>>> print(open('run.txt').read())   # compact mmCIF, N, CA and C atoms and all ligand atoms
# COMPACT_ATOMS: atom_id res chain seq x y z
N MET A 1 -168.72 25.20 57.01
CA MET A 1 -167.56 24.84 56.19
C MET A 1 -167.74 25.40 54.78
N LYS A 2 -166.69 25.96 54.28
CA LYS A 2 -166.74 26.50 52.92
C LYS A 2 -165.91 25.60 52.00
N TRP A 3 -166.47 25.32 50.80
CA TRP A 3 -165.79 24.42 49.86
C TRP A 3 -165.11 25.23 48.76
N TYR A 4 -163.89 24.83 48.43
CA TYR A 4 -163.11 25.50 47.39
C TYR A 4 -162.73 24.49 46.31
N LYS A 5 -163.03 24.85 45.08
CA LYS A 5 -162.62 24.01 43.95
C LYS A 5 -161.13 24.21 43.72
N ILE A 6 -160.43 23.12 43.46
CA ILE A 6 -159.00 23.19 43.15
C ILE A 6 -158.87 23.00 41.64
N PRO A 7 -158.82 24.10 40.90
CA PRO A 7 -158.93 24.01 39.44
C PRO A 7 -157.73 23.40 38.74
N GLU A 8 -156.55 23.48 39.36
CA GLU A 8 -155.35 23.04 38.64
C GLU A 8 -155.13 21.52 38.64
N ILE A 9 -155.95 20.78 39.38
CA ILE A 9 -155.76 19.33 39.44
C ILE A 9 -157.10 18.63 39.24
N ARG A 10 -157.09 17.58 38.45
CA ARG A 10 -158.27 16.71 38.31
C ARG A 10 -157.91 15.34 38.86
N ASN A 11 -158.89 14.64 39.35
CA ASN A 11 -158.66 13.32 39.90
C ASN A 11 -158.56 12.30 38.77
N THR A 12 -157.34 11.89 38.49
CA THR A 12 -157.13 10.90 37.43
C THR A 12 -156.81 9.53 37.99
N GLY A 13 -156.65 9.44 39.32
CA GLY A 13 -156.25 8.19 39.94
C GLY A 13 -154.73 8.04 40.02
N GLU A 14 -154.01 8.95 39.36
CA GLU A 14 -152.53 8.91 39.42
C GLU A 14 -152.06 9.53 40.75
N PRO A 15 -151.00 8.99 41.33
CA PRO A 15 -150.48 9.58 42.58
C PRO A 15 -149.83 10.94 42.34
N PHE A 16 -149.98 11.82 43.31
CA PHE A 16 -149.33 13.15 43.24
C PHE A 16 -149.27 13.75 44.64
N ILE A 17 -148.40 14.70 44.82
CA ILE A 17 -148.37 15.56 46.01
C ILE A 17 -148.13 16.97 45.49
N LYS A 18 -149.04 17.89 45.83
CA LYS A 18 -148.93 19.21 45.22
C LYS A 18 -149.38 20.30 46.21
N LYS A 19 -148.68 21.41 46.17
CA LYS A 19 -149.06 22.59 46.96
C LYS A 19 -150.13 23.34 46.18
N VAL A 20 -151.28 23.61 46.84
CA VAL A 20 -152.37 24.34 46.18
C VAL A 20 -152.93 25.37 47.17
N LYS A 21 -153.79 26.23 46.65
CA LYS A 21 -154.51 27.19 47.50
C LYS A 21 -155.97 26.78 47.58
N ALA A 22 -156.54 26.81 48.76
CA ALA A 22 -157.98 26.63 48.96
C ALA A 22 -158.43 27.88 49.70
N GLY A 23 -159.08 28.81 48.98
CA GLY A 23 -159.34 30.12 49.57
C GLY A 23 -158.01 30.81 49.79
N ASN A 24 -157.77 31.25 51.02
CA ASN A 24 -156.49 31.90 51.30
C ASN A 24 -155.52 30.97 52.04
N LYS A 25 -155.85 29.68 52.09
CA LYS A 25 -154.99 28.72 52.80
C LYS A 25 -154.11 27.95 51.84
N ASN A 26 -152.86 27.78 52.21
CA ASN A 26 -151.98 26.88 51.48
C ASN A 26 -152.23 25.46 51.97
N ILE A 27 -152.42 24.56 51.03
CA ILE A 27 -152.79 23.18 51.34
C ILE A 27 -151.82 22.24 50.64
N CYS A 28 -151.61 21.10 51.25
CA CYS A 28 -150.89 20.02 50.58
C CYS A 28 -151.95 19.03 50.10
N LEU A 29 -152.11 18.92 48.80
CA LEU A 29 -153.10 18.02 48.22
C LEU A 29 -152.39 16.76 47.76
N VAL A 30 -152.95 15.61 48.15
CA VAL A 30 -152.27 14.34 47.90
C VAL A 30 -153.22 13.37 47.20
N GLY A 31 -152.76 12.80 46.12
CA GLY A 31 -153.44 11.68 45.49
C GLY A 31 -152.65 10.42 45.83
N TYR A 32 -153.27 9.53 46.56
CA TYR A 32 -152.53 8.35 47.02
C TYR A 32 -153.46 7.15 47.09
N ASP A 33 -153.08 6.08 46.46
CA ASP A 33 -153.83 4.83 46.53
C ASP A 33 -155.29 5.02 46.09
N GLY A 34 -155.50 5.85 45.09
CA GLY A 34 -156.85 6.06 44.54
C GLY A 34 -157.71 7.04 45.31
N GLU A 35 -157.18 7.62 46.38
CA GLU A 35 -157.94 8.59 47.19
C GLU A 35 -157.25 9.95 47.12
N ILE A 36 -158.03 10.99 47.45
CA ILE A 36 -157.49 12.35 47.52
C ILE A 36 -157.53 12.81 48.97
N TYR A 37 -156.44 13.38 49.44
CA TYR A 37 -156.34 13.89 50.80
C TYR A 37 -155.86 15.34 50.76
N ALA A 38 -156.29 16.11 51.74
CA ALA A 38 -155.83 17.49 51.86
C ALA A 38 -155.32 17.69 53.28
N THR A 39 -154.10 18.19 53.39
CA THR A 39 -153.50 18.43 54.70
C THR A 39 -152.95 19.85 54.75
N ALA A 40 -152.62 20.28 55.96
CA ALA A 40 -151.88 21.54 56.09
C ALA A 40 -150.59 21.42 55.29
N LEU A 41 -150.12 22.53 54.79
CA LEU A 41 -148.89 22.51 53.99
C LEU A 41 -147.65 22.40 54.88
N SER A 42 -147.70 23.05 56.04
CA SER A 42 -146.51 23.10 56.91
C SER A 42 -146.47 21.90 57.84
N CYS A 43 -145.33 21.30 57.93
CA CYS A 43 -145.13 20.18 58.85
C CYS A 43 -145.26 20.69 60.29
N PRO A 44 -146.03 19.97 61.14
CA PRO A 44 -146.19 20.40 62.54
C PRO A 44 -144.87 20.39 63.32
N HIS A 45 -143.91 19.64 62.87
CA HIS A 45 -142.65 19.55 63.61
C HIS A 45 -141.85 20.86 63.54
N ALA A 46 -141.50 21.29 62.35
CA ALA A 46 -140.70 22.51 62.23
C ALA A 46 -141.05 23.32 60.98
N GLY A 47 -142.23 23.06 60.42
CA GLY A 47 -142.76 23.93 59.38
C GLY A 47 -142.29 23.68 57.96
N PHE A 48 -141.62 22.58 57.71
CA PHE A 48 -141.16 22.33 56.34
C PHE A 48 -142.36 22.08 55.42
N ASP A 49 -142.17 22.33 54.14
CA ASP A 49 -143.22 22.18 53.12
C ASP A 49 -143.48 20.70 52.85
N LEU A 50 -144.65 20.21 53.27
CA LEU A 50 -144.96 18.79 53.11
C LEU A 50 -145.20 18.39 51.65
N SER A 51 -145.47 19.37 50.77
CA SER A 51 -145.69 19.00 49.37
C SER A 51 -144.39 18.53 48.71
N GLU A 52 -143.28 18.66 49.43
CA GLU A 52 -142.01 18.13 48.92
C GLU A 52 -141.72 16.75 49.50
N GLY A 53 -142.69 16.22 50.25
CA GLY A 53 -142.51 14.92 50.89
C GLY A 53 -142.91 13.77 49.99
N LEU A 54 -143.13 12.62 50.61
CA LEU A 54 -143.55 11.43 49.88
C LEU A 54 -144.55 10.66 50.72
N CYS A 55 -145.25 9.72 50.08
CA CYS A 55 -146.25 8.92 50.79
C CYS A 55 -145.78 7.48 50.88
N VAL A 56 -145.92 6.93 52.10
CA VAL A 56 -145.55 5.55 52.34
C VAL A 56 -146.57 4.95 53.30
N LYS A 57 -147.17 3.83 52.91
CA LYS A 57 -148.09 3.09 53.78
C LYS A 57 -149.15 3.97 54.43
N GLY A 58 -149.80 4.82 53.65
CA GLY A 58 -150.88 5.64 54.16
C GLY A 58 -150.44 6.87 54.94
N ASN A 59 -149.16 7.14 54.96
CA ASN A 59 -148.63 8.31 55.67
C ASN A 59 -147.96 9.26 54.70
N ILE A 60 -148.01 10.55 55.03
CA ILE A 60 -147.16 11.49 54.31
C ILE A 60 -145.90 11.67 55.16
N ILE A 61 -144.78 11.62 54.50
CA ILE A 61 -143.49 11.69 55.20
C ILE A 61 -142.85 13.04 54.87
N CYS A 62 -142.54 13.79 55.92
CA CYS A 62 -141.87 15.07 55.73
C CYS A 62 -140.43 14.81 55.28
N PRO A 63 -139.98 15.54 54.26
CA PRO A 63 -138.63 15.26 53.74
C PRO A 63 -137.51 15.78 54.65
N TYR A 64 -137.86 16.62 55.63
CA TYR A 64 -136.79 17.26 56.40
C TYR A 64 -136.25 16.36 57.51
N HIS A 65 -137.12 15.96 58.44
CA HIS A 65 -136.67 15.07 59.52
C HIS A 65 -137.38 13.72 59.47
N ARG A 66 -138.15 13.50 58.41
CA ARG A 66 -138.82 12.21 58.16
C ARG A 66 -139.93 11.88 59.15
N TYR A 67 -140.55 12.88 59.76
CA TYR A 67 -141.71 12.60 60.58
C TYR A 67 -142.83 12.12 59.66
N ALA A 68 -143.70 11.23 60.19
CA ALA A 68 -144.78 10.64 59.40
C ALA A 68 -146.13 11.06 59.97
N TYR A 69 -147.10 11.30 59.08
CA TYR A 69 -148.46 11.67 59.51
C TYR A 69 -149.46 10.87 58.70
N ASN A 70 -150.42 10.27 59.39
CA ASN A 70 -151.46 9.49 58.74
C ASN A 70 -152.31 10.40 57.86
N LEU A 71 -152.50 10.02 56.60
CA LEU A 71 -153.24 10.88 55.67
C LEU A 71 -154.72 10.98 56.01
N LYS A 72 -155.29 9.97 56.66
CA LYS A 72 -156.72 10.01 57.00
C LYS A 72 -156.98 10.76 58.31
N THR A 73 -156.15 10.51 59.32
CA THR A 73 -156.41 11.05 60.65
C THR A 73 -155.51 12.23 61.01
N GLY A 74 -154.36 12.35 60.37
CA GLY A 74 -153.39 13.38 60.70
C GLY A 74 -152.50 13.01 61.88
N LYS A 75 -152.76 11.84 62.47
CA LYS A 75 -151.99 11.43 63.66
C LYS A 75 -150.52 11.23 63.30
N GLY A 76 -149.66 11.77 64.15
CA GLY A 76 -148.23 11.61 63.95
C GLY A 76 -147.81 10.19 64.26
N GLY A 77 -146.67 9.81 63.74
CA GLY A 77 -146.13 8.47 63.96
C GLY A 77 -145.79 8.21 65.41
N GLU A 78 -145.46 6.96 65.70
CA GLU A 78 -145.16 6.55 67.07
C GLU A 78 -144.05 7.41 67.68
N GLY A 79 -144.33 7.93 68.86
CA GLY A 79 -143.35 8.74 69.57
C GLY A 79 -143.33 10.21 69.18
N GLN A 80 -144.12 10.59 68.19
CA GLN A 80 -144.10 12.00 67.76
C GLN A 80 -145.01 12.88 68.63
N ASN A 81 -146.15 12.32 69.05
CA ASN A 81 -147.11 13.07 69.88
C ASN A 81 -147.56 14.37 69.24
N ASP A 82 -147.83 14.34 67.95
CA ASP A 82 -148.34 15.52 67.28
C ASP A 82 -149.35 15.13 66.20
N PHE A 83 -150.01 16.14 65.65
CA PHE A 83 -151.04 15.93 64.64
C PHE A 83 -150.84 16.90 63.50
N LEU A 84 -151.23 16.45 62.32
CA LEU A 84 -151.25 17.28 61.13
C LEU A 84 -152.71 17.62 60.83
N GLN A 85 -153.00 18.88 60.53
CA GLN A 85 -154.37 19.29 60.18
C GLN A 85 -154.78 18.60 58.87
N ILE A 86 -155.95 17.96 58.91
CA ILE A 86 -156.51 17.29 57.72
C ILE A 86 -157.78 18.04 57.32
N TYR A 87 -157.98 18.28 56.05
CA TYR A 87 -159.16 18.98 55.55
C TYR A 87 -160.06 18.01 54.79
N ALA A 88 -161.35 18.34 54.78
CA ALA A 88 -162.33 17.52 54.06
C ALA A 88 -162.11 17.64 52.56
N VAL A 89 -162.35 16.56 51.84
CA VAL A 89 -162.19 16.54 50.38
C VAL A 89 -163.44 15.93 49.77
N GLU A 90 -163.91 16.54 48.68
CA GLU A 90 -165.00 15.98 47.87
C GLU A 90 -164.51 15.91 46.44
N VAL A 91 -164.84 14.82 45.77
CA VAL A 91 -164.52 14.70 44.34
C VAL A 91 -165.84 14.54 43.60
N LYS A 92 -166.10 15.46 42.66
CA LYS A 92 -167.33 15.40 41.85
C LYS A 92 -166.92 15.47 40.39
N ASP A 93 -167.23 14.44 39.63
CA ASP A 93 -166.87 14.40 38.20
C ASP A 93 -165.39 14.71 38.00
N ASP A 94 -164.55 14.09 38.80
CA ASP A 94 -163.08 14.24 38.75
C ASP A 94 -162.59 15.63 39.15
N GLU A 95 -163.49 16.52 39.57
CA GLU A 95 -163.06 17.81 40.08
C GLU A 95 -162.93 17.72 41.60
N ILE A 96 -161.90 18.37 42.12
CA ILE A 96 -161.56 18.24 43.53
C ILE A 96 -161.95 19.50 44.29
N TYR A 97 -162.61 19.30 45.43
CA TYR A 97 -163.01 20.41 46.31
C TYR A 97 -162.45 20.14 47.70
N VAL A 98 -161.95 21.19 48.33
CA VAL A 98 -161.44 21.08 49.70
C VAL A 98 -162.32 21.93 50.61
N GLY A 99 -162.73 21.37 51.73
CA GLY A 99 -163.58 22.05 52.70
C GLY A 99 -162.77 22.64 53.83
N ILE A 100 -162.94 23.93 54.04
CA ILE A 100 -162.21 24.62 55.11
C ILE A 100 -163.22 25.13 56.12
N SER A 101 -163.04 24.75 57.37
CA SER A 101 -163.90 25.25 58.44
C SER A 101 -163.29 26.51 59.03
N SER A 102 -164.14 27.49 59.27
CA SER A 102 -163.66 28.72 59.91
C SER A 102 -163.47 28.46 61.41
N PHE A 103 -162.86 29.41 62.05
CA PHE A 103 -162.68 29.32 63.50
C PHE A 103 -164.04 29.13 64.18
N TRP A 104 -165.07 29.89 63.73
CA TRP A 104 -166.40 29.82 64.33
C TRP A 104 -167.06 28.49 64.03
N ASP A 105 -166.86 27.93 62.83
CA ASP A 105 -167.37 26.60 62.52
C ASP A 105 -166.82 25.57 63.49
N ARG A 106 -165.49 25.66 63.71
CA ARG A 106 -164.84 24.68 64.60
C ARG A 106 -165.33 24.84 66.03
N LEU A 107 -165.56 26.08 66.44
CA LEU A 107 -166.07 26.35 67.79
C LEU A 107 -167.45 25.73 67.98
N ARG A 108 -168.26 25.77 66.91
CA ARG A 108 -169.62 25.21 66.96
C ARG A 108 -169.64 23.72 66.62
N GLY A 109 -168.47 23.13 66.39
CA GLY A 109 -168.39 21.71 66.09
C GLY A 109 -168.82 21.35 64.69
N LYS A 110 -168.73 22.28 63.74
CA LYS A 110 -169.12 22.00 62.35
C LYS A 110 -167.91 21.71 61.51
S1 LIG B 201 -139.92 19.78 59.71
FE1 LIG B 201 -141.05 18.05 59.13
S2 LIG B 201 -140.15 16.45 60.28
FE2 LIG B 201 -139.10 18.20 60.92
>>> encode(input="run.txt", output="structure tokens", more="lines below")
Ligand code: FES
Amino acid sequence: MKWYKIPEIRNTGEPFIKKVKAGNKNICLVGYDGEIYATALSCPHAGFDLSEGLCVKGNIICPYHRYAYNLKTGKGGEGQNDFLQIYAVEVKDDEIYVGISSFWDRLRGK
């Protein structure tokens, strides 16, 4: 897994949803309830930009068709039968890092 610093955002504890880059990947970075989460930017349903969504009860809600995804697990809401990619996050001295696994890392279970 390779870690990427997200220089444009610091962890202040304030809620936010923002589109950022981690390496060459577009990520949806979320500050919610005192935690930082990183998800795929595109909604698994039809590809809408999740950074334009909102967070409710631990889920990110896509603004297009209102599908919900758990911020910790990526599991879609009841009846959706889909998942949102979730990335590892580290916060060190209020600086945010997102961990991206390569295809080979995932193949080896890393
Ligand atoms: S594109 Fe996100 S719910 Fe349809």
>>> residues_near_ligand(input="run.txt", ligand="ligand LIG 201 (chain B)", cutoff="8 Å", atoms="only N, CA and C atoms and all ligand atoms", output="ChimeraX atom specification")
/A:42-50,61-68
>>> write_last_selection(input="run.txt", atoms="N, CA and C atoms", output="mmCIF file, in the coordinates of the input")
data_model
loop_
_atom_site.group_PDB
_atom_site.id
_atom_site.type_symbol
_atom_site.label_atom_id
_atom_site.label_comp_id
_atom_site.auth_asym_id
_atom_site.auth_seq_id
_atom_site.Cartn_x
_atom_site.Cartn_y
_atom_site.Cartn_z
ATOM 1 N N SER A 42 -147.700 23.050 56.040
ATOM 2 C CA SER A 42 -146.510 23.100 56.910
ATOM 3 C C SER A 42 -146.470 21.900 57.840
ATOM 4 N N CYS A 43 -145.330 21.300 57.930
ATOM 5 C CA CYS A 43 -145.130 20.180 58.850
ATOM 6 C C CYS A 43 -145.260 20.690 60.290
ATOM 7 N N PRO A 44 -146.030 19.970 61.140
ATOM 8 C CA PRO A 44 -146.190 20.400 62.540
ATOM 9 C C PRO A 44 -144.870 20.390 63.320
ATOM 10 N N HIS A 45 -143.910 19.640 62.870
ATOM 11 C CA HIS A 45 -142.650 19.550 63.610
ATOM 12 C C HIS A 45 -141.850 20.860 63.540
ATOM 13 N N ALA A 46 -141.500 21.290 62.350
ATOM 14 C CA ALA A 46 -140.700 22.510 62.230
ATOM 15 C C ALA A 46 -141.050 23.320 60.980
ATOM 16 N N GLY A 47 -142.230 23.060 60.420
ATOM 17 C CA GLY A 47 -142.760 23.930 59.380
ATOM 18 C C GLY A 47 -142.290 23.680 57.960
ATOM 19 N N PHE A 48 -141.620 22.580 57.710
ATOM 20 C CA PHE A 48 -141.160 22.330 56.340
ATOM 21 C C PHE A 48 -142.360 22.080 55.420
ATOM 22 N N ASP A 49 -142.170 22.330 54.140
ATOM 23 C CA ASP A 49 -143.220 22.180 53.120
ATOM 24 C C ASP A 49 -143.480 20.700 52.850
ATOM 25 N N LEU A 50 -144.650 20.210 53.270
ATOM 26 C CA LEU A 50 -144.960 18.790 53.110
ATOM 27 C C LEU A 50 -145.200 18.390 51.650
ATOM 28 N N ILE A 61 -144.780 11.620 54.500
ATOM 29 C CA ILE A 61 -143.490 11.690 55.200
ATOM 30 C C ILE A 61 -142.850 13.040 54.870
ATOM 31 N N CYS A 62 -142.540 13.790 55.920
ATOM 32 C CA CYS A 62 -141.870 15.070 55.730
ATOM 33 C C CYS A 62 -140.430 14.810 55.280
ATOM 34 N N PRO A 63 -139.980 15.540 54.260
ATOM 35 C CA PRO A 63 -138.630 15.260 53.740
ATOM 36 C C PRO A 63 -137.510 15.780 54.650
ATOM 37 N N TYR A 64 -137.860 16.620 55.630
ATOM 38 C CA TYR A 64 -136.790 17.260 56.400
ATOM 39 C C TYR A 64 -136.250 16.360 57.510
ATOM 40 N N HIS A 65 -137.120 15.960 58.440
ATOM 41 C CA HIS A 65 -136.670 15.070 59.520
ATOM 42 C C HIS A 65 -137.380 13.720 59.470
ATOM 43 N N ARG A 66 -138.150 13.500 58.410
ATOM 44 C CA ARG A 66 -138.820 12.210 58.160
ATOM 45 C C ARG A 66 -139.930 11.880 59.150
ATOM 46 N N TYR A 67 -140.550 12.880 59.760
ATOM 47 C CA TYR A 67 -141.710 12.600 60.580
ATOM 48 C C TYR A 67 -142.830 12.120 59.660
ATOM 49 N N ALA A 68 -143.700 11.230 60.190
ATOM 50 C CA ALA A 68 -144.780 10.640 59.400
ATOM 51 C C ALA A 68 -146.130 11.060 59.970
#
>>> closest_atom_pairs(input="run.txt", of="segment 2-46 of chain A", to="segment 75-99 of chain A", cutoff="7 Å", atoms="only N, CA and C atoms", output="CSV")
residue,atom,partner,partner_atom,distance
A:Lys2,C,A:Gly99,CA,4.3
A:Trp3,CA,A:Gly99,CA,4.3
A:Tyr4,C,A:Val98,N,3.9
A:Lys5,CA,A:Tyr97,CA,4.3
A:Ile6,N,A:Ile96,C,4.0
A:Pro7,N,A:Ile96,C,6.5
A:Ile9,C,A:Ile96,N,5.6
A:Arg10,CA,A:Asp94,C,4.5
A:Asn11,N,A:Asp94,C,3.8
A:Thr12,N,A:Asp94,CA,6.2
A:Ala22,CA,A:Val98,CA,6.6
A:Ile36,C,A:Val89,CA,6.1
A:Tyr37,C,A:Tyr87,C,6.4
A:Ala38,C,A:Tyr87,N,3.9
A:Thr39,CA,A:Gln85,C,4.4
A:Ala40,N,A:Gln85,C,4.0
A:Cys43,C,A:Leu84,CA,6.9
A:Pro44,N,A:Leu84,CA,5.9
>>> select_by_dssp(input="run.txt", residues="chain A", states="strand (DSSP E)", output="short mmCIF file (atom, residue, chain, number, x, y, z; two decimals) with N, CA and C atoms, keeping the file's coordinate frame")
data_model
loop_
_atom_site.label_atom_id
_atom_site.label_comp_id
_atom_site.auth_asym_id
_atom_site.auth_seq_id
_atom_site.Cartn_x
_atom_site.Cartn_y
_atom_site.Cartn_z
N LYS A 2 -166.69 25.96 54.28
CA LYS A 2 -166.74 26.50 52.92
C LYS A 2 -165.91 25.60 52.00
N TRP A 3 -166.47 25.32 50.80
CA TRP A 3 -165.79 24.42 49.86
C TRP A 3 -165.11 25.23 48.76
N TYR A 4 -163.89 24.83 48.43
CA TYR A 4 -163.11 25.50 47.39
C TYR A 4 -162.73 24.49 46.31
N LYS A 5 -163.03 24.85 45.08
CA LYS A 5 -162.62 24.01 43.95
C LYS A 5 -161.13 24.21 43.72
N ILE A 6 -160.43 23.12 43.46
CA ILE A 6 -159.00 23.19 43.15
C ILE A 6 -158.87 23.00 41.64
N PRO A 7 -158.82 24.10 40.90
CA PRO A 7 -158.93 24.01 39.44
C PRO A 7 -157.73 23.40 38.74
N GLU A 8 -156.55 23.48 39.36
CA GLU A 8 -155.35 23.04 38.64
C GLU A 8 -155.13 21.52 38.64
N ILE A 9 -155.95 20.78 39.38
CA ILE A 9 -155.76 19.33 39.44
C ILE A 9 -157.10 18.63 39.24
N ARG A 10 -157.09 17.58 38.45
CA ARG A 10 -158.27 16.71 38.31
C ARG A 10 -157.91 15.34 38.86
N PHE A 16 -149.98 11.82 43.31
CA PHE A 16 -149.33 13.15 43.24
C PHE A 16 -149.27 13.75 44.64
N ILE A 17 -148.40 14.70 44.82
CA ILE A 17 -148.37 15.56 46.01
C ILE A 17 -148.13 16.97 45.49
N LYS A 18 -149.04 17.89 45.83
CA LYS A 18 -148.93 19.21 45.22
C LYS A 18 -149.38 20.30 46.21
N LYS A 19 -148.68 21.41 46.17
CA LYS A 19 -149.06 22.59 46.96
C LYS A 19 -150.13 23.34 46.18
N VAL A 20 -151.28 23.61 46.84
CA VAL A 20 -152.37 24.34 46.18
C VAL A 20 -152.93 25.37 47.17
N LYS A 21 -153.79 26.23 46.65
CA LYS A 21 -154.51 27.19 47.50
C LYS A 21 -155.97 26.78 47.58
N ALA A 22 -156.54 26.81 48.76
CA ALA A 22 -157.98 26.63 48.96
C ALA A 22 -158.43 27.88 49.70
N LYS A 25 -155.85 29.68 52.09
CA LYS A 25 -154.99 28.72 52.80
C LYS A 25 -154.11 27.95 51.84
N ASN A 26 -152.86 27.78 52.21
CA ASN A 26 -151.98 26.88 51.48
C ASN A 26 -152.23 25.46 51.97
N ILE A 27 -152.42 24.56 51.03
CA ILE A 27 -152.79 23.18 51.34
C ILE A 27 -151.82 22.24 50.64
N CYS A 28 -151.61 21.10 51.25
CA CYS A 28 -150.89 20.02 50.58
C CYS A 28 -151.95 19.03 50.10
N LEU A 29 -152.11 18.92 48.80
CA LEU A 29 -153.10 18.02 48.22
C LEU A 29 -152.39 16.76 47.76
N VAL A 30 -152.95 15.61 48.15
CA VAL A 30 -152.27 14.34 47.90
C VAL A 30 -153.22 13.37 47.20
N GLY A 31 -152.76 12.80 46.12
CA GLY A 31 -153.44 11.68 45.49
C GLY A 31 -152.65 10.42 45.83
N TYR A 32 -153.27 9.53 46.56
CA TYR A 32 -152.53 8.35 47.02
C TYR A 32 -153.46 7.15 47.09
N GLU A 35 -157.18 7.62 46.38
CA GLU A 35 -157.94 8.59 47.19
C GLU A 35 -157.25 9.95 47.12
N ILE A 36 -158.03 10.99 47.45
CA ILE A 36 -157.49 12.35 47.52
C ILE A 36 -157.53 12.81 48.97
N TYR A 37 -156.44 13.38 49.44
CA TYR A 37 -156.34 13.89 50.80
C TYR A 37 -155.86 15.34 50.76
N ALA A 38 -156.29 16.11 51.74
CA ALA A 38 -155.83 17.49 51.86
C ALA A 38 -155.32 17.69 53.28
N THR A 39 -154.10 18.19 53.39
CA THR A 39 -153.50 18.43 54.70
C THR A 39 -152.95 19.85 54.75
N ALA A 40 -152.62 20.28 55.96
CA ALA A 40 -151.88 21.54 56.09
C ALA A 40 -150.59 21.42 55.29
N LEU A 54 -143.13 12.62 50.61
CA LEU A 54 -143.55 11.43 49.88
C LEU A 54 -144.55 10.66 50.72
N CYS A 55 -145.25 9.72 50.08
CA CYS A 55 -146.25 8.92 50.79
C CYS A 55 -145.78 7.48 50.88
N VAL A 56 -145.92 6.93 52.10
CA VAL A 56 -145.55 5.55 52.34
C VAL A 56 -146.57 4.95 53.30
N ASN A 59 -149.16 7.14 54.96
CA ASN A 59 -148.63 8.31 55.67
C ASN A 59 -147.96 9.26 54.70
N ILE A 60 -148.01 10.55 55.03
CA ILE A 60 -147.16 11.49 54.31
C ILE A 60 -145.90 11.67 55.16
N ILE A 61 -144.78 11.62 54.50
CA ILE A 61 -143.49 11.69 55.20
C ILE A 61 -142.85 13.04 54.87
N ALA A 68 -143.70 11.23 60.19
CA ALA A 68 -144.78 10.64 59.40
C ALA A 68 -146.13 11.06 59.97
N TYR A 69 -147.10 11.30 59.08
CA TYR A 69 -148.46 11.67 59.51
C TYR A 69 -149.46 10.87 58.70
N ASN A 70 -150.42 10.27 59.39
CA ASN A 70 -151.46 9.49 58.74
C ASN A 70 -152.31 10.40 57.86
N ILE A 86 -155.95 17.96 58.91
CA ILE A 86 -156.51 17.29 57.72
C ILE A 86 -157.78 18.04 57.32
N TYR A 87 -157.98 18.28 56.05
CA TYR A 87 -159.16 18.98 55.55
C TYR A 87 -160.06 18.01 54.79
N ALA A 88 -161.35 18.34 54.78
CA ALA A 88 -162.33 17.52 54.06
C ALA A 88 -162.11 17.64 52.56
N VAL A 89 -162.35 16.56 51.84
CA VAL A 89 -162.19 16.54 50.38
C VAL A 89 -163.44 15.93 49.77
N GLU A 90 -163.91 16.54 48.68
CA GLU A 90 -165.00 15.98 47.87
C GLU A 90 -164.51 15.91 46.44
N VAL A 91 -164.84 14.82 45.77
CA VAL A 91 -164.52 14.70 44.34
C VAL A 91 -165.84 14.54 43.60
N LYS A 92 -166.10 15.46 42.66
CA LYS A 92 -167.33 15.40 41.85
C LYS A 92 -166.92 15.47 40.39
N GLU A 95 -163.49 16.52 39.57
CA GLU A 95 -163.06 17.81 40.08
C GLU A 95 -162.93 17.72 41.60
N ILE A 96 -161.90 18.37 42.12
CA ILE A 96 -161.56 18.24 43.53
C ILE A 96 -161.95 19.50 44.29
N TYR A 97 -162.61 19.30 45.43
CA TYR A 97 -163.01 20.41 46.31
C TYR A 97 -162.45 20.14 47.70
N VAL A 98 -161.95 21.19 48.33
CA VAL A 98 -161.44 21.08 49.70
C VAL A 98 -162.32 21.93 50.61
N GLY A 99 -162.73 21.37 51.73
CA GLY A 99 -163.58 22.05 52.70
C GLY A 99 -162.77 22.64 53.83
N ILE A 100 -162.94 23.93 54.04
CA ILE A 100 -162.21 24.62 55.11
C ILE A 100 -163.22 25.13 56.12
#
>>> atom_distance(input="run.txt", atom1="atom CA of Gly109 of chain A", atom2="atom CA of Lys19 of chain A")
27.2 Å
>>> closest_residue(input="run.txt", among="A:Thr73, A:Val20, A:Arg106, A:Glu35", to="Ser51 of chain A", atoms="all atoms listed in the file")
A:Val20
>>> closest_residue(input="run.txt", among="A:Gly58, A:Arg108, A:Ile17, A:Ile100", to="Met1 of chain A", atoms="only N, CA and C atoms")
A:Ile100
>>> atom_distance(input="run.txt", atom1="atom CA of Gly53 of chain A", atom2="atom CA of Lys18 of chain A")
9.6 Å
>>> axis_aligned_box(input="run.txt", around="segment 84-87 of chain A", padding_each_side="5 Å", output="AutoDock Vina command-line options")
--center_x -155.6 --center_y 17.9 --center_z 58.6 --size_x 18.8 --size_y 12.8 --size_z 17.5
>>> atom_distance(input="run.txt", atom1="atom CA of Leu71 of chain A", atom2="atom C of Asn59 of chain A")
5.6 Å
>>> select_by_dssp(input="run.txt", residues="chain A", states="helix (DSSP H, G or I)", output="NGL selection string")
:A and (50-52 or 103-107)
>>> closest_residue(input="run.txt", among="A:Asn24, A:Glu52, A:Gly13, A:Val30", to="Ser102 of chain A", atoms="only C-alpha atoms")
A:Asn24
